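In what follows, a single structure is set out as structure tokens and then discussed.
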Amino acid sequence: MSSPSAYPGIRISGCWALGAEGSCAESLDRLLPSVGAGRAPRKRTTSQCKSEPPLLRTSKRTIYTAGRPPWYNEHGTQSKEAFAIGLGGGSASGKTTVARMIIEALDVPWVVLLSMDSFYKVLTQQQQEQAAHNNFNFDHPDAFDFDLIIATLKKLKQGKSVQVPVYDFTTHSRKRDWKTLYGANVIIFEGIMAFADKTLLELLDMKIFVDTDSDVRLVRRLRRDIGERGRDIEGVIKQYNKFVKPAFDQYIQPTMRLADIVVPRGSGNTVAIDLIVQHVHSQLEERKLRWDMAALASAHQCHPLPRTLSVLKSTPQVRGMHTIIRDKETSRDEFIFYSKRLMRLLIEHALSFLPFQDCAVQTPQGQDYMGKCYAGKQITGVSILRAGETMEPALRAVCKDVRIGTILIQTNPLTGEPELHYLRLPKDISDDHVILMDCTVSTGAAAMMAVRVLLDHDVPEDKIFLLSLLMAEMGVHSVAYAFPRVKIITTAVDKRVNDLFRIIPGIGNFGDRYFGTDTVPDGSDEEEVASTG
């Protein structure tokens, strides 16, 4: 039997020994590394960490406050790999709920949740027919595409974007659309076979097994499959008895011995969740992947604005237009008219930073004129939807034959992280100078995400120009620190943001005022909800 744990309700590897039947152990030989007596014991995950100043948060989500993306150093190259947590356990044991609780308790930015359910193999026609009659074993290691899982997790740990399949449990097939995820400083990978491959195990820095009573798992599976996946009770019980329970006994339960921490009762075990969070915090501190929020807040207040920032000269004309569009009594027609005027001035100002070279032309009088010509290949505008698209007409008005791309970024309600939901970029964009457009930038999170997307499409950092009518100092510092070679261009910079992350004194919700739509119910700026900054 195991020694008593210092933490009630939790079993820690090194203190816990799983008594597996010989047949179960033998069935894992080809999949799992040996766990022998000569192996060095794992360290107990009982380390404590000092409390840290919390991230800026709303009631729903974490907001980036500042800081270079954690996998980049000051030279723009990767310095640290992400901390990967593996979360295993039986079907309906509560793995996803535990993962969400860990994410919420971690309270750190840049977290990715990757589900093994996305990586079921594409079924043949015969297998599809078997699945339709509950005769296909989805709880066997062979049902998963481990090669794709491993390749995906490796890229995420390196801070690169990945394409993740979207699986339809109703039809037992992959959808045509794939979901794009970006790297993070914490990756949580959850699934029933999370520990069932040697190479995959080597990518996991921490392994957690969620141990939930079989009766509870069966009830949850019945509720989920009938309510969410269109199954009938007879089919669910048939599949459970024929495949799910035997697979758990043979392939899943024996992997408990490989876990660093076993969590009895799943999401009901708050003691275990607290211990896991403490350990992850300590690991992030060791890897220097945690942010000193007090120092960052001080930096926003004390540091001068970065050299990469250019603010349109505040002439009486510019200040007059700002007065009109900031006035809450301004009509929608006037708001649109003067916003467009400011956008035109902003874009013309931005074009002055493009590279030009000397060139000679001949005038109609037959005389040579020594002028300047654009030295780049092409200019592409990329708008961050929805407000950013309002700047496209002004860009088209001053740049002939300009190409346009769009990016839609929305906040994941579970992780609080910005995620890419739609992307349309011109081909060969890596050769272009890119005008990235968003009308307001408060925290800078959406802008940082959009820049990451462009970098992932091989656009050089120094060829990206971020344009915004209005920015907060926090957003300026965040973007400049994250991407020091991106040129930031705006018509005005306001000092601060309030508790709802609105720019103060600000301009209000630009999208609502421009398009004539209503403000979202929680009272926060729609742009902040949709694009997180």
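By convention in this document, the chains of the structure tokens carry letters A, B, ... by their order, each chain's residues are numbered from 1, and ligands are numbered from 1 in the order they are shown.
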
From the DSSP assignment of the backbone, select every residue of stretch 121-253 of chain A that is helix (DSSP H, G or I), and format the answer as an NGL selection string.
:A and (125-132 or 141-143 or 146-157 or 198-203 or 214-228 or 233-253)

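Nearest to A:Met391 of all the residues A:Ile252, A:Ile488, A:Ala447, A:Cys439 is A:Cys439, counting only C-alpha atoms.
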
One decimal, Å: what's the distance from atom CA of A:Val236 over to atom CA of A:Asp215, could you say?
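Computing it gives 13.9 Å between the two atoms.
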
Between A:Leu385, A:Ile347, A:Val434, A:Leu420, which residue has the minimum interatomic distance to A:Val398, considering only C-alpha atoms?
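Using only C-alpha atoms, A:Val398 sits closest to A:Ile347.
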